[in-house]
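Student: Pasting a structure here, questions to come.
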Amino acid sequence: METYSTRGLPAGRKVSYWNQISSETFPAMEVRPRDSLGFDGVLSRAPLGPLTLMDVHSAAARIRHTRAHIARAADDPSLLLLAPLQRALQLSIDGGAVVTVSAGECCFIGHARPYEIVHGDAVRTLCVDIPRRLLAPLL
C-alpha cells in the first residue's frame, strides 16, 4: 500500500502536492481546500486485481472534475465507488441537484461527466476505482 500525506510539507506546497497526488490516483481533478494554509490530507492506495482501493482523509475541500479534465481523459473511463466512512459529502453531477452522501452510504460516479464534491473537515472516504469493462455486462 502506498500512502501520501501533506503533513510536514510547507504550507505553500500542500495544495499543489495534494492536487498532483489526487490527479495521479483519480481521473484528473482540481481540489480547492477551504483553508489552503491549514489544509492536510492523507491518501492511501493499493491495487486489488483490476481494482484500486483508496482511503482518503482530508480537511474541507471542493473537488471539481470538469469538461476540460474529461477532454484529456482516456476513452474508457472507470467508475468510482465513494463510501464516506466519517462525515458526509455533497455531490453534484453535471451541475444537477446536490445530493448528500452520508457515512455508511455509497454512490457511483462516472468520470465521463463533470462532477463536484464538497466536504467539510475530517472527512474520510473509502473509494474503489472500477474499470468500466468489469461493470458493462451488469449495466
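By order in the C-alpha cells, chains are A, B, ...; within a chain, residues start at 1; ligands start at 1, following the order shown.
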So that I can see what lies close to region 63-74 of chain A, please list as a PyMOL selection string the residues with an atom at most 9 Å from it, counting only C-alpha atoms and leaving out residues fewer than 2 positions away in the same chain.
Tutor: chain A and resi 27-33+61+76-77+94+111-119
Student: Mind the document's chain letters and residue numbers, and return as a PyMOL selection string the residues of region 13-50 of chain A that DSSP labels strand (DSSP E or B).
Tutor: chain A and resi 30-33+41-48
Student: Find, counting only C-alpha atoms, the residue in A:Leu37, A:Arg45, A:Phe26, A:Met1 that gets nearest to Arg13 (chain A).
Tutor: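 Of all the options, A:Leu37 lies closest to Arg13 (chain A).
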Student: Using only C-alpha atoms, pick whichever of A:Gly41, A:Ala136, A:Pro10, A:Tyr4 has the shortest atom-to-atom distance to Glu24 (chain A).
Tutor: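 Nearest candidate to Glu24 (chain A) out of A:Gly41, A:Ala136, A:Pro10, A:Tyr4: A:Tyr4.
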Student: What's the 7 Å shell around Phe108 (chain A), counting only C-alpha atoms, without same-chain residues fewer than 5 positions away, as a list in words?
Tutor: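 The neighbour list is Leu79, Leu80, Leu81 and Leu82 of chain A.
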Student: Would you mind exporting C-alpha atoms of the selected residues as a PDB file, in the first residue's frame?
Tutor:
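Saved file selection_29.pdb follows:
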```pdb
ATOM      1  CA  LEU A  79     -16.349   4.227 -12.370  1.00  0.00           C
ATOM      2  CA  LEU A  80     -15.665   5.300  -8.815  1.00  0.00           C
ATOM      3  CA  LEU A  81     -17.468   3.908  -5.795  1.00  0.00           C
ATOM      4  CA  LEU A  82     -17.458   6.500  -2.987  1.00  0.00           C
TER       5      LEU A  82
END
```
Student: What separation in Å, quoted to one decimal, exists between CA of Ala46 (chain A) and CA of Ile21 (chain A)?
Tutor: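 We find that CA of Ala46 (chain A) and CA of Ile21 (chain A) lie 13.7 Å from each other.
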Student: Show me, as number ranges by chain, the residues that have an atom within 9 Å of Ser36 (chain A) when counting only C-alpha atoms, minus same-chain residues fewer than 4 positions from it.
Tutor: A: 11-12, 14-15, 32, 40
Student: Output the selection as a PDB file, in the first residue's frame - N, CA and C atoms for each residue.
Tutor:
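To be explicit, this is the file written out as again31.pdb:
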```pdb
ATOM      1  N   ALA A  11       3.399  24.978   4.085  1.00  0.00           N
ATOM      2  CA  ALA A  11       2.001  25.322   3.823  1.00  0.00           C
ATOM      3  C   ALA A  11       1.764  25.705   2.363  1.00  0.00           C
ATOM      4  N   GLY A  12       2.688  26.418   1.753  1.00  0.00           N
ATOM      5  CA  GLY A  12       2.530  26.850   0.372  1.00  0.00           C
ATOM      6  C   GLY A  12       2.648  25.733  -0.650  1.00  0.00           C
ATOM      7  N   LYS A  14       1.415  22.424   0.031  1.00  0.00           N
ATOM      8  CA  LYS A  14       0.440  21.361   0.317  1.00  0.00           C
ATOM      9  C   LYS A  14      -0.618  21.191  -0.765  1.00  0.00           C
ATOM     10  N   VAL A  15      -1.227  22.274  -1.205  1.00  0.00           N
ATOM     11  CA  VAL A  15      -2.336  22.180  -2.158  1.00  0.00           C
ATOM     12  C   VAL A  15      -1.848  21.652  -3.505  1.00  0.00           C
ATOM     13  N   ARG A  32      -9.750  22.267  -4.268  1.00  0.00           N
ATOM     14  CA  ARG A  32      -9.571  23.592  -3.668  1.00  0.00           C
ATOM     15  C   ARG A  32      -9.971  23.514  -2.201  1.00  0.00           C
ATOM     16  N   ASP A  40      -4.614  19.738   5.354  1.00  0.00           N
ATOM     17  CA  ASP A  40      -3.842  18.498   5.430  1.00  0.00           C
ATOM     18  C   ASP A  40      -4.687  17.376   4.881  1.00  0.00           C
TER      19      ASP A  40
END
```
Student: Within 6 Å of region 54-60 of chain A, counting only C-alpha atoms, which residues show up once you throw out same-chain ones fewer than 5 positions away? Write them as a count of residues only, please.
Tutor: 18
Student: Record the distance separating CA of Leu51 (chain A) and CA of Ser78 (chain A), expressed in Å with one decimal.
Tutor: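 Interatomic distance, CA of Leu51 (chain A) to CA of Ser78 (chain A): 9.8 Å.
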Student: Give me, please, the distance in Å between CA of Leu48 (chain A) and CA of Asp129 (chain A), quoted to one decimal.
Tutor: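 Interatomic distance here is 10.0 Å.
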